[in-house]
Amino acid sequence: MKIAYLCNFDTNGYAGKNRATRQKLKALNNQIDDLVIVSANFKKLKFLELFCLELKAIYFILTNKPDVFISRGFVGFFVQKIAKYKKIITVREVHADIISEISQTNKFWIVKKLLIPLALYAQEADRQTDIRIFNHPDLLHWYKSKIKENNCDFFVYNGFDYGSKSNLFKIEARKKYNLSDGIKYLIFTGSASYWHGVDYLVELQKEINKLNENIQIVCGGGKVSEKYDPDRVLINISPLDDKGCADLLQAGDACILPVRQSRVSPGSPLKLYDYILHEKFVITQENINGYSDEVDKYGYGMLVDFNKPYNSALKIIEKLKIFNDDAIKLNIEQFSWNNRMEDWLEGIKISKNSFL
């Protein structure tokens, strides 16, 4: 299979989206005959550059004719038209109801207004494609009920790349971040966005402190806003790149993953798969697809209700008193990008046959 992939951001960047896309495309490239990537090399969205990306992708499709054209983000609509004319199967990655999520970003209001036309453009590309790959079942079901029904659509969660694992031992990682041996640390890494529920961690830490337990939540990567943690009860190490976050994970006794149900889809959290890669005990929100079901499948974690911080604190405290890493043997390959890209290709092949 020969695939062309188009996106409107730089796959060499180190934000979560950029890093994950780079990792998944590396895994995809190892499983097919040829993969050509057309991506941006600019940091800010500019209409002219987006137009040039489309032209570049169109040129490749006309001169090379891949079997499948995959696109994501604010590009792809016009390329899809050409691809369909050339009888090339078109695929879209869909990660969110992009229009509703714009309102929840921290961007200035004028930037949000300017993003709306681009979001509408992207949504039209989502509509007209042959196959959609969602990263969450809730988003897939919402799309089918609200926008368009298509039996060729499917979902695949995010994953991890083995090369992202830290090589530090726990004692080395604690020394690097000046963390004490006498305290149990719960690690939260990556973006501290509103929908990640960082304020839940603040309330949880307050309850732990009231119970006089030597347990401390550490957030690494993104900056935790003073609005969410005015008393600074959390330790926040920021900024940290992906290697720094991986090293911080090695310093922890367990990892923690709340989520706020403020979006159509709660998302497929990349940090969860970083936790799994490092074979850490994971504490996450109960009854949330993409969180509780994946931790259950992982077989090494616990589910709590972060909306009830006192109850959650008690459960976590009791668990940390008894659990032991030493004898744990885990099969984490099912969560790798290699496995996820196998699912992609299987879904595309099955759907592709319906167009023949």
# chains A, B, ... in the order shown; residues from 1 in each chain; ligands from 1
>>> residues_around(residues="A:Ile276", least_positions_apart="3", cutoff="8 Å", atoms="only C-alpha atoms", output="JSON, numbers by chain")
{"A": [272, 273, 279, 280, 282, 298, 332, 335]}
>>> write_last_selection(atoms="C-alpha atoms", output="mmCIF file, in the first residue's frame")
data_model
loop_
_atom_site.group_PDB
_atom_site.id
_atom_site.type_symbol
_atom_site.label_atom_id
_atom_site.label_comp_id
_atom_site.auth_asym_id
_atom_site.auth_seq_id
_atom_site.Cartn_x
_atom_site.Cartn_y
_atom_site.Cartn_z
ATOM 1 C CA LEU A 272 -1.977 7.805 29.604
ATOM 2 C CA TYR A 273 0.133 5.932 27.076
ATOM 3 C CA GLU A 279 4.674 0.572 33.363
ATOM 4 C CA LYS A 280 3.437 2.865 36.105
ATOM 5 C CA VAL A 282 -2.318 4.534 36.841
ATOM 6 C CA TYR A 298 -3.897 -2.430 31.053
ATOM 7 C CA ILE A 332 1.923 -3.308 26.937
ATOM 8 C CA PHE A 335 -1.049 0.026 23.417
#
>>> select_by_dssp(residues="stretch 16-53 of chain A", states="strand (DSSP E)", output="list in words")
Asp34, Leu35, Val36, Ile37 and Val38 of chain A
>>> residues_around(residues="stretch 131-146 of chain A", least_positions_apart="3", cutoff="9 Å", atoms="only C-alpha atoms", output="JSON, numbers by chain")
{"A": [89, 90, 91, 92, 93, 94, 95, 96, 97, 126, 127, 128, 149, 150, 151, 152, 153, 154, 155, 156, 157, 158, 264, 265, 266, 267, 268, 289, 290, 344, 347, 348, 351, 352]}
>>> closest_residue(among="A:Lys112, A:Lys227, A:Lys165, A:Arg174", to="A:Val198", atoms="only C-alpha atoms")
A:Lys227
>>> residues_around(residues="A:Glu333", least_positions_apart="3", cutoff="12 Å", atoms="only C-alpha atoms", output="PDB file with N, CA and C atoms, in the first residue's frame")
ATOM      1  N   GLY A 159      -1.549   5.946  21.158  1.00  0.00           N
ATOM      2  CA  GLY A 159      -0.629   4.928  21.635  1.00  0.00           C
ATOM      3  C   GLY A 159       0.696   5.517  22.086  1.00  0.00           C
ATOM      4  N   PHE A 160       1.706   4.659  22.211  1.00  0.00           N
ATOM      5  CA  PHE A 160       3.027   5.126  22.627  1.00  0.00           C
ATOM      6  C   PHE A 160       4.089   4.599  21.677  1.00  0.00           C
ATOM      7  N   ASP A 161       5.255   5.253  21.743  1.00  0.00           N
ATOM      8  CA  ASP A 161       6.424   4.843  20.976  1.00  0.00           C
ATOM      9  C   ASP A 161       7.488   4.346  21.955  1.00  0.00           C
ATOM     10  N   TYR A 162       8.009   3.157  21.730  1.00  0.00           N
ATOM     11  CA  TYR A 162       8.983   2.567  22.656  1.00  0.00           C
ATOM     12  C   TYR A 162      10.217   3.456  22.844  1.00  0.00           C
ATOM     13  N   TYR A 273      -0.722   6.911  27.731  1.00  0.00           N
ATOM     14  CA  TYR A 273       0.133   5.932  27.076  1.00  0.00           C
ATOM     15  C   TYR A 273       1.600   6.123  27.448  1.00  0.00           C
ATOM     16  N   ILE A 276       1.673   4.186  30.643  1.00  0.00           N
ATOM     17  CA  ILE A 276       1.690   2.744  30.377  1.00  0.00           C
ATOM     18  C   ILE A 276       3.057   2.306  29.865  1.00  0.00           C
ATOM     19  N   LEU A 277       3.660   3.100  28.979  1.00  0.00           N
ATOM     20  CA  LEU A 277       4.986   2.782  28.462  1.00  0.00           C
ATOM     21  C   LEU A 277       5.988   2.593  29.604  1.00  0.00           C
ATOM     22  N   GLU A 279       5.223   1.638  32.509  1.00  0.00           N
ATOM     23  CA  GLU A 279       4.674   0.572  33.363  1.00  0.00           C
ATOM     24  C   GLU A 279       4.393   1.081  34.776  1.00  0.00           C
ATOM     25  N   LYS A 297      -8.055  -2.512  30.811  1.00  0.00           N
ATOM     26  CA  LYS A 297      -7.384  -3.421  29.873  1.00  0.00           C
ATOM     27  C   LYS A 297      -5.896  -3.550  30.217  1.00  0.00           C
ATOM     28  N   TYR A 298      -5.304  -2.459  30.648  1.00  0.00           N
ATOM     29  CA  TYR A 298      -3.897  -2.430  31.053  1.00  0.00           C
ATOM     30  C   TYR A 298      -3.659  -3.347  32.245  1.00  0.00           C
ATOM     31  N   LEU A 330       3.740  -7.052  32.745  1.00  0.00           N
ATOM     32  CA  LEU A 330       2.673  -6.477  31.935  1.00  0.00           C
ATOM     33  C   LEU A 330       2.931  -6.670  30.442  1.00  0.00           C
ATOM     34  N   SER A 336       0.847   0.113  21.874  1.00  0.00           N
ATOM     35  CA  SER A 336       1.900   0.790  21.114  1.00  0.00           C
ATOM     36  C   SER A 336       1.355   1.346  19.797  1.00  0.00           C
ATOM     37  N   TRP A 337       2.070   2.311  19.238  1.00  0.00           N
ATOM     38  CA  TRP A 337       1.683   2.850  17.925  1.00  0.00           C
ATOM     39  C   TRP A 337       1.777   1.774  16.852  1.00  0.00           C
ATOM     40  N   ASN A 338       2.695   0.822  17.016  1.00  0.00           N
ATOM     41  CA  ASN A 338       2.780  -0.269  16.037  1.00  0.00           C
ATOM     42  C   ASN A 338       1.458  -1.017  15.958  1.00  0.00           C
ATOM     43  N   ASN A 339       0.904  -1.334  17.133  1.00  0.00           N
ATOM     44  CA  ASN A 339      -0.371  -2.043  17.192  1.00  0.00           C
ATOM     45  C   ASN A 339      -1.502  -1.175  16.664  1.00  0.00           C
ATOM     46  N   ARG A 340      -1.501   0.103  17.041  1.00  0.00           N
ATOM     47  CA  ARG A 340      -2.565   1.022  16.595  1.00  0.00           C
ATOM     48  C   ARG A 340      -2.559   1.179  15.072  1.00  0.00           C
ATOM     49  N   GLU A 342      -1.531  -1.013  12.919  1.00  0.00           N
ATOM     50  CA  GLU A 342      -2.099  -2.246  12.362  1.00  0.00           C
ATOM     51  C   GLU A 342      -3.614  -2.151  12.308  1.00  0.00           C
TER      52      GLU A 342
END
>>> atom_distance(atom1="atom CA of A:Arg72", atom2="atom CA of A:Lys223")
27.2 Å
>>> closest_residue(among="A:Lys65, A:Lys170, A:Lys184, A:Lys2", to="A:Lys321", atoms="only C-alpha atoms")
A:Lys184
>>> select_by_dssp(residues="stretch 103-158 of chain A", states="alpha helix (DSSP H)", output="VMD selection string")
chain A and resid 109 to 128 137 to 146
>>> residues_around(residues="A:Asp67", least_positions_apart="3", cutoff="10 Å", atoms="only C-alpha atoms", output="mmCIF file with N, CA and C atoms, in the first residue's frame")
data_model
loop_
_atom_site.group_PDB
_atom_site.id
_atom_site.type_symbol
_atom_site.label_atom_id
_atom_site.label_comp_id
_atom_site.auth_asym_id
_atom_site.auth_seq_id
_atom_site.Cartn_x
_atom_site.Cartn_y
_atom_site.Cartn_z
ATOM 1 N N MET A 1 0.840 -1.197 0.000
ATOM 2 C CA MET A 1 0.000 0.000 0.000
ATOM 3 C C MET A 1 0.877 1.250 0.000
ATOM 4 N N LYS A 2 0.489 2.228 -0.791
ATOM 5 C CA LYS A 2 1.189 3.512 -0.881
ATOM 6 C C LYS A 2 0.262 4.600 -0.347
ATOM 7 N N ILE A 3 0.740 5.376 0.640
ATOM 8 C CA ILE A 3 -0.109 6.356 1.321
ATOM 9 C C ILE A 3 0.521 7.734 1.272
ATOM 10 N N ALA A 4 -0.297 8.755 1.040
ATOM 11 C CA ALA A 4 0.104 10.157 1.190
ATOM 12 C C ALA A 4 -0.617 10.719 2.409
ATOM 13 N N ASP A 34 5.144 2.471 1.002
ATOM 14 C CA ASP A 34 5.648 3.834 0.825
ATOM 15 C C ASP A 34 4.725 4.822 1.535
ATOM 16 N N ILE A 61 -0.208 13.881 -5.647
ATOM 17 C CA ILE A 61 -1.266 12.934 -6.019
ATOM 18 C C ILE A 61 -1.356 12.788 -7.539
ATOM 19 N N ASN A 64 2.072 10.898 -8.621
ATOM 20 C CA ASN A 64 2.434 9.605 -8.037
ATOM 21 C C ASN A 64 1.261 8.666 -7.792
ATOM 22 N N ALA A 83 -8.221 13.724 -5.474
ATOM 23 C CA ALA A 83 -8.013 12.303 -5.156
ATOM 24 C C ALA A 83 -9.209 11.468 -5.597
ATOM 25 N N LYS A 86 -9.192 10.895 -9.201
ATOM 26 C CA LYS A 86 -8.186 9.911 -9.586
ATOM 27 C C LYS A 86 -8.468 8.531 -8.994
ATOM 28 N N LYS A 87 -9.642 8.388 -8.344
ATOM 29 C CA LYS A 87 -10.062 7.121 -7.741
ATOM 30 C C LYS A 87 -9.105 6.649 -6.627
ATOM 31 N N ILE A 88 -8.667 7.608 -5.846
ATOM 32 C CA ILE A 88 -7.839 7.341 -4.680
ATOM 33 C C ILE A 88 -8.730 7.396 -3.441
ATOM 34 N N ILE A 89 -8.615 6.414 -2.560
ATOM 35 C CA ILE A 89 -9.414 6.393 -1.341
ATOM 36 C C ILE A 89 -8.973 7.537 -0.420
ATOM 37 N N THR A 90 -9.940 8.304 0.073
ATOM 38 C CA THR A 90 -9.625 9.425 0.964
ATOM 39 C C THR A 90 -10.007 9.088 2.406
ATOM 40 N N LYS A 352 -11.911 -0.065 2.272
ATOM 41 C CA LYS A 352 -11.508 0.127 0.870
ATOM 42 C C LYS A 352 -12.190 -0.894 -0.033
#
>>> closest_residue(among="A:Asn8, A:Ser193, A:Gln334, A:Ser312", to="A:Ala122", atoms="only C-alpha atoms")
A:Asn8
